[in-house]
file target_32.txt (compact mmCIF, C-alpha atoms)
# COMPACT_ATOMS: atom_id res chain seq x y z
CA MET A 1 23.76 -36.44 -19.16
CA THR A 2 20.89 -33.95 -18.95
CA GLY A 3 21.65 -30.58 -17.39
CA PHE A 4 19.88 -27.26 -17.26
CA VAL A 5 17.96 -26.48 -20.44
CA PRO A 6 17.12 -22.77 -20.73
CA PRO A 7 13.43 -22.17 -21.42
CA ALA A 8 12.36 -20.24 -24.49
CA TYR A 9 12.91 -16.54 -23.96
CA PRO A 10 9.36 -15.18 -23.49
CA TYR A 11 9.49 -12.42 -26.07
CA ASP A 12 10.81 -14.79 -28.74
CA ARG A 13 7.36 -16.41 -28.63
CA LEU A 14 5.79 -13.25 -30.03
CA ALA A 15 7.11 -13.71 -33.58
CA PRO A 16 3.66 -14.72 -34.99
CA ILE A 17 2.07 -11.70 -33.26
CA VAL A 18 4.68 -9.37 -34.77
CA GLU A 19 3.94 -10.84 -38.19
CA LEU A 20 0.21 -10.19 -37.81
CA ALA A 21 0.75 -6.64 -36.58
CA SER A 22 3.26 -5.89 -39.35
CA ALA A 23 0.60 -6.44 -42.01
CA HIS A 24 -0.84 -2.98 -41.22
CA GLU A 25 0.25 -0.02 -43.26
CA GLY A 26 2.97 1.65 -41.21
CA GLY A 27 3.95 -1.65 -39.62
CA ALA A 28 3.70 -3.03 -36.12
CA VAL A 29 3.52 -0.79 -33.07
CA ASP A 30 5.49 -2.80 -30.55
CA LEU A 31 4.27 -2.32 -26.98
CA SER A 32 5.56 -5.69 -25.77
CA VAL A 33 8.99 -4.81 -24.31
CA GLY A 34 9.67 -1.96 -21.89
CA ALA A 35 12.54 -0.59 -23.96
CA PRO A 36 12.84 3.23 -23.76
CA CYS A 37 12.45 5.05 -27.09
CA ASP A 38 13.10 8.67 -26.14
CA PRO A 39 16.51 10.37 -26.40
CA PRO A 40 18.77 10.74 -23.37
CA ALA A 41 19.58 14.25 -22.17
CA PRO A 42 22.32 15.93 -24.28
CA SER A 43 24.46 16.51 -21.19
CA VAL A 44 24.42 12.78 -20.50
CA LEU A 45 25.54 11.95 -24.04
CA ARG A 46 28.35 14.50 -23.77
CA ALA A 47 29.53 12.92 -20.54
CA LEU A 48 29.46 9.49 -22.19
CA ALA A 49 31.48 10.67 -25.18
CA GLU A 50 33.98 12.92 -23.42
CA SER A 51 34.75 11.15 -20.13
CA GLY A 52 38.23 9.93 -21.07
CA ALA A 53 37.45 6.96 -18.81
CA GLU A 54 37.72 4.32 -21.51
CA ARG A 55 41.46 3.78 -21.15
CA GLY A 56 41.73 2.15 -17.74
CA TYR A 57 39.81 -0.44 -15.78
CA PRO A 58 36.83 1.07 -13.96
CA SER A 59 36.15 0.53 -10.29
CA SER A 60 33.86 -2.48 -9.82
CA ILE A 61 32.08 -0.88 -6.87
CA GLY A 62 31.62 2.34 -8.86
CA SER A 63 33.64 5.53 -8.92
CA GLN A 64 33.49 7.83 -5.93
CA ARG A 65 31.71 10.36 -8.16
CA LEU A 66 29.03 7.83 -9.13
CA ARG A 67 28.43 6.65 -5.58
CA ALA A 68 28.24 10.23 -4.32
CA ALA A 69 25.85 11.18 -7.14
CA ALA A 70 23.61 8.23 -6.25
CA ALA A 71 23.61 9.17 -2.56
CA GLU A 72 22.72 12.77 -3.42
CA TRP A 73 19.95 11.52 -5.72
CA PHE A 74 18.45 9.38 -2.93
CA ASP A 75 18.34 12.44 -0.69
CA ARG A 76 17.04 14.89 -3.28
CA ARG A 77 14.51 12.73 -5.11
CA LEU A 78 13.41 10.17 -2.52
CA GLY A 79 14.01 11.98 0.75
CA VAL A 80 16.36 9.29 2.08
CA ALA A 81 19.78 9.92 3.66
CA VAL A 82 22.26 7.39 2.26
CA ASP A 83 25.99 7.14 2.96
CA ALA A 84 27.87 6.88 -0.34
CA ALA A 85 29.95 4.10 1.26
CA THR A 86 26.83 1.90 1.22
CA VAL A 87 26.22 2.36 -2.53
CA ALA A 88 27.69 0.12 -5.24
CA ALA A 89 27.36 -0.08 -9.02
CA CYS A 90 25.98 -2.93 -11.12
CA VAL A 91 26.02 -3.60 -14.86
CA GLY A 92 22.36 -2.75 -15.30
CA THR A 93 19.98 -4.23 -12.77
CA LYS A 94 18.95 -7.32 -14.76
CA GLU A 95 22.48 -8.66 -14.29
CA PHE A 96 22.16 -8.01 -10.54
CA VAL A 97 18.69 -9.56 -10.29
CA ALA A 98 19.74 -12.71 -12.13
CA GLY A 99 23.09 -13.06 -10.32
CA VAL A 100 22.46 -12.17 -6.69
CA PRO A 101 20.92 -15.52 -5.62
CA HIS A 102 24.20 -17.21 -6.53
CA TRP A 103 26.24 -14.78 -4.43
CA LEU A 104 23.81 -15.02 -1.50
CA ARG A 105 23.89 -18.82 -1.57
CA LEU A 106 27.68 -18.72 -1.32
CA ARG A 107 27.21 -16.50 1.73
CA ASP A 108 24.75 -18.89 3.43
CA PRO A 109 24.72 -22.41 1.90
CA SER A 110 22.14 -23.52 4.49
CA ARG A 111 19.46 -21.58 2.61
CA ASP A 112 18.25 -22.37 -0.90
CA THR A 113 15.06 -20.40 -1.62
CA VAL A 114 14.34 -17.15 -3.47
CA LEU A 115 10.95 -15.57 -2.75
CA TYR A 116 9.48 -13.31 -5.43
CA PRO A 117 6.09 -11.81 -6.37
CA ALA A 118 3.74 -14.27 -8.10
CA VAL A 119 3.07 -11.65 -10.79
CA SER A 120 6.42 -10.19 -11.77
CA TYR A 121 9.37 -9.73 -14.09
CA PRO A 122 10.59 -13.26 -14.99
CA SER A 123 14.24 -12.66 -14.04
CA TYR A 124 13.53 -13.03 -10.31
CA ALA A 125 12.56 -16.68 -10.76
CA MET A 126 15.22 -17.27 -13.42
CA GLY A 127 17.95 -15.95 -11.13
CA ALA A 128 16.94 -18.57 -8.57
CA GLN A 129 17.03 -21.34 -11.18
CA LEU A 130 20.44 -20.27 -12.49
CA ALA A 131 21.79 -20.48 -8.92
CA GLY A 132 20.32 -23.96 -8.40
CA CYS A 133 17.82 -22.56 -5.88
CA ARG A 134 14.12 -23.00 -5.28
CA ALA A 135 12.04 -20.20 -6.79
CA VAL A 136 8.92 -19.73 -4.66
CA ALA A 137 6.22 -17.31 -5.79
CA VAL A 138 4.62 -15.14 -3.10
CA PRO A 139 0.93 -14.34 -3.70
CA VAL A 140 -0.10 -10.77 -4.49
CA ASP A 141 -3.31 -9.13 -3.32
CA GLU A 142 -6.11 -7.63 -5.43
CA GLN A 143 -4.04 -4.47 -5.88
CA TRP A 144 -1.07 -6.49 -7.17
CA ARG A 145 0.95 -5.91 -3.99
CA LEU A 146 3.23 -8.61 -2.62
CA ASP A 147 1.64 -10.11 0.50
CA PRO A 148 4.31 -11.30 2.98
CA GLY A 149 1.57 -12.70 5.20
CA GLN A 150 1.11 -15.43 2.60
CA ILE A 151 4.71 -16.68 2.86
CA ASP A 152 4.86 -20.20 4.27
CA PRO A 153 7.03 -20.30 7.43
CA THR A 154 8.95 -23.26 5.99
CA ASP A 155 9.85 -21.23 2.91
CA ALA A 156 10.79 -18.25 5.08
CA ALA A 157 13.21 -20.42 7.07
CA ARG A 158 14.93 -21.48 3.82
CA ALA A 159 14.88 -18.06 2.14
CA LEU A 160 18.04 -16.39 0.88
CA CYS A 161 16.05 -13.26 0.03
CA VAL A 162 12.64 -11.90 -0.89
CA TRP A 163 12.22 -9.66 -3.92
CA SER A 164 9.88 -6.70 -4.11
CA ASN A 165 9.27 -4.69 -7.28
CA THR A 166 7.49 -1.41 -6.74
CA PRO A 167 6.09 0.21 -8.77
CA GLY A 168 5.59 -3.26 -10.13
CA ASN A 169 6.20 -4.71 -13.55
CA PRO A 170 3.80 -5.70 -15.09
CA ALA A 171 0.78 -4.62 -13.05
CA GLY A 172 1.94 -1.32 -11.53
CA GLY A 173 1.23 -2.26 -7.92
CA LEU A 174 2.75 -0.32 -5.01
CA ASP A 175 4.00 -2.62 -2.24
CA ASP A 176 3.85 -1.77 1.45
CA LEU A 177 7.61 -1.44 1.81
CA GLY A 178 7.52 -0.72 5.54
CA ALA A 179 5.62 -3.93 6.24
CA LEU A 180 7.96 -5.88 3.97
CA ALA A 181 11.07 -4.50 5.68
CA ASP A 182 9.60 -5.45 9.06
CA TRP A 183 8.83 -8.97 7.83
CA GLY A 184 12.38 -9.42 6.53
CA ARG A 185 13.95 -8.33 9.82
CA GLU A 186 11.60 -10.53 11.83
CA HIS A 187 12.51 -13.59 9.73
CA ASP A 188 16.18 -12.72 9.10
CA VAL A 189 15.58 -12.64 5.34
CA PRO A 190 17.19 -9.88 3.23
CA VAL A 191 14.61 -7.80 1.37
CA LEU A 192 15.73 -6.76 -2.12
CA SER A 193 13.59 -3.91 -3.41
CA ASP A 194 13.71 -3.39 -7.18
CA GLU A 195 12.75 0.29 -7.50
CA CYS A 196 13.66 1.05 -11.12
CA TYR A 197 10.28 2.71 -11.82
CA VAL A 198 10.18 4.76 -8.61
CA GLU A 199 10.30 8.12 -10.39
CA PHE A 200 7.26 7.08 -12.42
CA THR A 201 4.92 6.72 -9.43
CA TRP A 202 1.47 8.09 -10.27
CA GLN A 203 -0.79 7.42 -7.31
CA GLY A 204 -0.22 9.72 -4.33
CA PRO A 205 2.76 12.03 -5.01
CA GLY A 206 5.59 10.63 -2.94
CA ARG A 207 2.96 8.30 -1.45
CA GLY A 208 2.41 10.90 1.25
CA VAL A 209 5.67 12.86 0.91
CA VAL A 210 4.83 16.07 -0.93
CA GLY A 211 7.07 16.85 -3.88
CA LEU A 212 8.81 13.46 -4.03
CA PRO A 213 8.17 11.05 -6.91
CA GLY A 214 7.92 7.79 -4.99
CA GLU A 215 9.11 5.73 -2.03
CA SER A 216 12.24 3.68 -1.40
CA ILE A 217 12.47 0.84 1.07
CA LEU A 218 15.39 2.76 2.59
CA ALA A 219 12.83 5.19 4.03
CA HIS A 220 12.26 2.37 6.54
CA GLY A 221 15.90 1.94 7.52
CA SER A 222 18.79 0.10 5.90
CA GLU A 223 19.13 -2.95 8.16
CA GLY A 224 18.58 -6.13 6.15
CA VAL A 225 17.44 -4.39 2.97
CA LEU A 226 18.78 -3.32 -0.40
CA ALA A 227 17.26 -0.80 -2.81
CA VAL A 228 18.13 -1.58 -6.44
CA HIS A 229 18.00 1.18 -9.07
CA SER A 230 18.60 1.58 -12.78
CA LEU A 231 19.36 4.41 -15.18
CA SER A 232 17.68 2.50 -18.03
CA LYS A 233 14.12 3.71 -17.44
CA ARG A 234 14.49 7.11 -15.76
CA SER A 235 17.15 8.39 -18.18
CA ASN A 236 16.58 6.32 -21.36
CA LEU A 237 19.97 4.64 -20.97
CA ALA A 238 19.05 0.96 -21.32
CA GLY A 239 21.88 0.48 -23.84
CA VAL A 240 24.50 1.90 -21.48
CA ARG A 241 23.92 -0.76 -18.78
CA VAL A 242 24.39 1.01 -15.49
CA GLY A 243 22.55 0.63 -12.20
CA PHE A 244 23.32 0.69 -8.50
CA TYR A 245 22.24 -0.80 -5.19
CA ALA A 246 22.32 0.62 -1.67
CA GLY A 247 21.34 -0.29 1.85
CA ASP A 248 22.58 -2.65 4.55
CA PRO A 249 26.33 -1.87 4.92
CA GLU A 250 27.38 -5.48 5.57
CA LEU A 251 25.36 -6.80 2.61
CA VAL A 252 26.64 -4.11 0.24
CA ALA A 253 30.24 -4.77 1.33
CA TYR A 254 29.87 -8.52 0.82
CA LEU A 255 28.21 -8.29 -2.59
CA SER A 256 30.56 -5.63 -3.90
CA GLU A 257 33.60 -7.69 -2.88
CA VAL A 258 32.28 -10.89 -4.49
CA ARG A 259 31.32 -9.02 -7.65
CA LYS A 260 34.83 -7.52 -7.80
CA HIS A 261 36.30 -11.04 -7.92
CA ALA A 262 33.81 -11.97 -10.65
CA GLY A 263 35.06 -9.09 -12.81
CA LEU A 264 31.70 -7.28 -12.92
CA MET A 265 32.41 -3.65 -13.80
CA VAL A 266 30.31 -0.83 -15.23
CA PRO A 267 32.39 0.73 -18.04
CA GLY A 268 34.03 4.04 -17.11
CA PRO A 269 32.21 6.14 -19.77
CA ALA A 270 28.89 4.65 -18.62
CA GLN A 271 29.67 5.67 -15.04
CA ALA A 272 30.40 9.22 -16.19
CA ALA A 273 27.08 9.31 -18.06
CA ALA A 274 25.30 8.06 -14.95
CA VAL A 275 26.80 10.87 -12.84
CA ALA A 276 25.43 13.41 -15.31
CA ALA A 277 22.02 11.72 -15.45
CA LEU A 278 21.63 11.45 -11.68
CA GLY A 279 22.39 15.16 -11.31
CA ASP A 280 19.71 16.24 -13.80
CA ASP A 281 16.10 16.09 -12.62
CA ASP A 282 14.61 18.09 -15.49
CA HIS A 283 14.89 15.34 -18.08
CA VAL A 284 13.17 12.89 -15.72
CA VAL A 285 10.28 15.27 -15.08
CA ALA A 286 9.86 15.62 -18.86
CA GLN A 287 9.93 11.82 -19.22
CA ARG A 288 7.30 11.44 -16.50
CA ASP A 289 5.02 13.73 -18.48
CA ARG A 290 5.58 11.74 -21.67
CA TYR A 291 4.81 8.40 -20.07
CA LEU A 292 1.73 9.60 -18.22
CA ARG A 293 0.37 11.20 -21.41
CA ARG A 294 0.96 8.02 -23.40
CA LEU A 295 -0.65 5.86 -20.73
CA GLU A 296 -3.74 8.07 -20.74
CA VAL A 297 -4.02 8.02 -24.54
CA LEU A 298 -3.62 4.25 -24.73
CA ALA A 299 -6.09 3.69 -21.90
CA ARG A 300 -8.74 5.81 -23.64
CA MET A 301 -8.12 3.93 -26.88
CA LEU A 302 -8.56 0.56 -25.23
CA ARG A 303 -11.70 1.65 -23.38
CA SER A 304 -13.17 2.84 -26.69
CA ILE A 305 -13.07 -0.75 -27.98
CA GLY A 306 -14.68 -2.17 -24.85
CA LEU A 307 -11.65 -3.18 -22.81
CA THR A 308 -10.90 -2.33 -19.18
CA ALA A 309 -7.77 -0.19 -18.92
CA ALA A 310 -7.03 1.43 -15.57
CA LEU A 311 -3.93 3.54 -15.06
CA PRO A 312 -1.28 1.79 -12.94
CA GLY A 313 -0.14 2.93 -9.52
CA GLY A 314 3.26 3.42 -11.10
CA GLY A 315 5.42 2.40 -14.03
CA PHE A 316 4.64 2.76 -17.71
CA TYR A 317 2.60 -0.38 -18.38
CA LEU A 318 -1.11 -0.93 -18.84
CA TRP A 319 -2.32 -4.21 -17.33
CA VAL A 320 -5.38 -5.16 -19.35
CA PRO A 321 -7.79 -7.94 -18.32
CA ALA A 322 -8.53 -10.20 -21.28
CA PRO A 323 -12.17 -10.94 -22.10
CA GLY A 324 -12.90 -14.46 -20.94
CA GLY A 325 -9.41 -14.62 -19.43
CA ASP A 326 -7.85 -15.54 -22.80
CA ALA A 327 -4.76 -13.35 -23.01
CA TRP A 328 -3.38 -14.90 -26.19
CA ALA A 329 -6.70 -14.30 -27.95
CA LEU A 330 -6.63 -10.64 -26.91
CA THR A 331 -3.01 -10.36 -28.04
CA VAL A 332 -3.96 -11.73 -31.47
CA SER A 333 -7.00 -9.44 -31.66
CA LEU A 334 -4.96 -6.32 -30.88
CA ALA A 335 -2.41 -7.29 -33.53
CA GLU A 336 -5.07 -7.92 -36.17
CA ARG A 337 -7.23 -4.90 -35.40
CA LEU A 338 -4.68 -2.24 -34.50
CA GLY A 339 -1.24 -3.60 -35.35
CA VAL A 340 -0.27 -3.63 -31.67
CA VAL A 341 2.20 -6.13 -30.23
CA GLY A 342 1.47 -6.81 -26.56
CA SER A 343 2.73 -9.34 -24.02
CA PRO A 344 0.43 -12.10 -22.69
CA GLY A 345 0.37 -12.15 -18.92
CA GLU A 346 1.69 -15.69 -18.61
CA PHE A 347 5.14 -14.24 -19.30
CA TYR A 348 4.93 -12.81 -15.76
CA GLY A 349 3.65 -15.87 -13.89
CA THR A 350 0.75 -18.31 -13.97
CA ALA A 351 -1.28 -15.99 -11.73
CA ALA A 352 -1.12 -13.36 -14.50
CA ALA A 353 -2.38 -15.54 -17.34
CA GLY A 354 -5.65 -13.65 -17.84
CA TYR A 355 -4.03 -10.28 -18.64
CA VAL A 356 -2.08 -8.54 -21.38
CA ARG A 357 0.69 -6.02 -20.71
CA LEU A 358 1.14 -3.00 -22.96
CA ALA A 359 4.18 -0.75 -22.55
CA ALA A 360 3.77 2.96 -23.27
CA VAL A 361 7.22 3.14 -24.83
CA GLN A 362 6.57 4.05 -28.45
CA PRO A 363 7.00 7.65 -29.65
CA ASP A 364 3.89 9.81 -29.72
CA GLU A 365 3.63 9.60 -33.51
CA ARG A 366 3.42 5.79 -33.34
CA ILE A 367 0.70 5.94 -30.71
CA ASP A 368 -1.13 8.53 -32.84
CA LEU A 369 -0.98 5.97 -35.67
CA LEU A 370 -3.02 3.58 -33.52
CA ILE A 371 -5.66 6.26 -32.98
CA ARG A 372 -5.91 6.78 -36.75
CA ARG A 373 -6.26 3.06 -37.30
CA LEU A 374 -9.07 3.02 -34.79
CA GLY A 375 -10.79 5.72 -36.81
call {"tool": "encode", "arguments": {"input": "target_32.txt", "output": "structure tokens"}}
result
Amino acid sequence: MTGFVPPAYPYDRLAPIVELASAHEGGAVDLSVGAPCDPPAPSVLRALAESGAERGYPSSIGSQRLRAAAAEWFDRRLGVAVDAATVAACVGTKEFVAGVPHWLRLRDPSRDTVLYPAVSYPSYAMGAQLAGCRAVAVPVDEQWRLDPGQIDPTDAARALCVWSNTPGNPAGGLDDLGALADWGREHDVPVLSDECYVEFTWQGPGRGVVGLPGESILAHGSEGVLAVHSLSKRSNLAGVRVGFYAGDPELVAYLSEVRKHAGLMVPGPAQAAAVAALGDDDHVVAQRDRYLRRLEVLARMLRSIGLTAALPGGGFYLWVPAPGGDAWALTVSLAERLGVVGSPGEFYGTAAAGYVRLAAVQPDERIDLLIRRLG
């Protein structure tokens, strides 16, 4: 019998590139994976170590303190009023992204399709496959924004959900969340908005809202939508595995109840750390400055060797067009010339095959090493 055979994990395919880059004195400078490198805030680490929450089982939906802290954060940072009762925790957002198609199909077995951006994080499509669903890529426009007008009506009628990711990984596009929310309500398709980079939005502060770092889909109402957020990027807590989702009350209640039965729980100490992190804006402002500075340095470096490197609308990735459209050749060239490990665009969909993604996640001294290599 032949069942599901997992594909090769994309980043495992980079082993030869890492070997090439490692030949440089000082070793490889790995810009392939968006793994934070900077330290979390000391107050967050104290909360993690001193919570006393490790003894008992944590609440699957999230502690009242965590849900209240998330609601306050939505209001303070994104200008959105959210009832803490419509917030729930998840064990990092990758778990949620990969698992939610399964839970939604149980809710409505008549539908079998997950819509996701054609250039995007691979877990959207993989979550559909793991649930036995159809994964249907939605075209993006020239600014890397998901275009709901390109969704086939037949696919819309079968859709369990449509994913948005804004600011987008890998290309940094900023979706029209109002238009997407309207499309979802018109077609009775839940819109799941992955907003983990929202506090690293560069183009248009608050996208028109002065003093706010970005936009949430919840600015356009909660009916039929979920906003999905992570502490991994904003607070350098990828190893702690804590995120949360908020929005449509009925959808949050359903998902949180199913997830409770599945035993999905954010550890108590991690929830305490998240409360501390969500209440501290200063460390995020400092992290914004770090990422923007690194993006600018890397972009100048790439332009100096004849490549096109525009700053993204948001996020901490550079999306670099490969000469002649050969992304693997550019990846090899960067490894040989500078000791850089990048990610070929095909990791993020066939429509992305002519690009290379570089993540500005190495410490400043490692990026300075690249400048010295360049001479």
call {"tool": "closest_atom_pairs", "arguments": {"input": "target_32.txt", "of": "segment 190-298 of chain A", "to": "segment 31-39 of chain A", "cutoff": "12 Å", "atoms": "only C-alpha atoms", "output": "CSV"}}
result
residue,atom,partner,partner_atom,distance
A:Cys196,CA,A:Gly34,CA,11.9
A:Tyr197,CA,A:Gly34,CA,11.1
A:Leu231,CA,A:Pro36,CA,10.8
A:Ser232,CA,A:Pro36,CA,7.5
A:Lys233,CA,A:Pro36,CA,6.5
A:Arg234,CA,A:Pro36,CA,9.0
A:Ser235,CA,A:Pro39,CA,8.5
A:Asn236,CA,A:Pro36,CA,5.4
A:Leu237,CA,A:Pro36,CA,7.8
A:Ala238,CA,A:Pro36,CA,7.0
A:Gly239,CA,A:Ala35,CA,9.4
A:Val240,CA,A:Pro36,CA,12.0
A:His283,CA,A:Pro39,CA,9.8
A:Val284,CA,A:Asp38,CA,11.2
A:Ala286,CA,A:Asp38,CA,10.6
A:Gln287,CA,A:Asp38,CA,8.2
A:Arg288,CA,A:Asp38,CA,11.6
A:Arg290,CA,A:Asp38,CA,9.3
A:Tyr291,CA,A:Pro36,CA,10.2
A:Arg294,CA,A:Leu31,CA,11.4
A:Leu295,CA,A:Leu31,CA,11.4
A:Leu298,CA,A:Leu31,CA,10.5
call {"tool": "closest_residue", "arguments": {"input": "target_32.txt", "among": "A:Ala181, A:Val252, A:His24, A:Ala327", "to": "Ser343 of chain A", "atoms": "only C-alpha atoms"}}
result
A:Ala327
call {"tool": "closest_residue", "arguments": {"input": "target_32.txt", "among": "A:Ser22, A:Gln362, A:Ser222, A:Thr350", "to": "Asp182 of chain A", "atoms": "only C-alpha atoms"}}
result
A:Ser222
call {"tool": "closest_residue", "arguments": {"input": "target_32.txt", "among": "A:Val228, A:Ala273, A:Ala171, A:Ala85", "to": "Ser193 of chain A", "atoms": "all atoms listed in the file"}}
result
A:Val228
call {"tool": "closest_residue", "arguments": {"input": "target_32.txt", "among": "A:Leu192, A:Val297, A:Val266, A:Ala41", "to": "Leu115 of chain A", "atoms": "all atoms listed in the file"}}
result
A:Leu192
call {"tool": "atom_distance", "arguments": {"input": "target_32.txt", "atom1": "atom CA of Glu199 of chain A", "atom2": "atom CA of Gly214 of chain A"}}
result
5.9 Å
call {"tool": "atom_distance", "arguments": {"input": "target_32.txt", "atom1": "atom CA of Ser60 of chain A", "atom2": "atom CA of Ala135 of chain A"}}
result
28.3 Å
call {"tool": "decode", "arguments": {"input": "target_32.txt", "residues": "segment 72-85 of chain A", "atoms": "C-alpha atoms", "output": "mmCIF file, in the first residue's frame"}}
result
data_model
loop_
_atom_site.group_PDB
_atom_site.id
_atom_site.type_symbol
_atom_site.label_atom_id
_atom_site.label_comp_id
_atom_site.auth_asym_id
_atom_site.auth_seq_id
_atom_site.Cartn_x
_atom_site.Cartn_y
_atom_site.Cartn_z
ATOM 1 C CA GLU A 72 -4.576 44.981 25.028
ATOM 2 C CA TRP A 73 -1.756 44.571 22.491
ATOM 3 C CA PHE A 74 -4.226 44.611 19.575
ATOM 4 C CA ASP A 75 -5.658 47.868 20.881
ATOM 5 C CA ARG A 76 -2.356 49.552 21.715
ATOM 6 C CA ARG A 77 -0.237 48.466 18.762
ATOM 7 C CA LEU A 78 -2.734 47.901 15.948
ATOM 8 C CA GLY A 79 -5.601 50.189 16.913
ATOM 9 C CA VAL A 80 -8.148 47.345 16.998
ATOM 10 C CA ALA A 81 -10.637 46.693 19.811
ATOM 11 C CA VAL A 82 -10.690 42.959 20.557
ATOM 12 C CA ASP A 83 -12.654 41.144 23.266
ATOM 13 C CA ALA A 84 -10.308 38.830 25.179
ATOM 14 C CA ALA A 85 -13.022 36.148 24.944
#
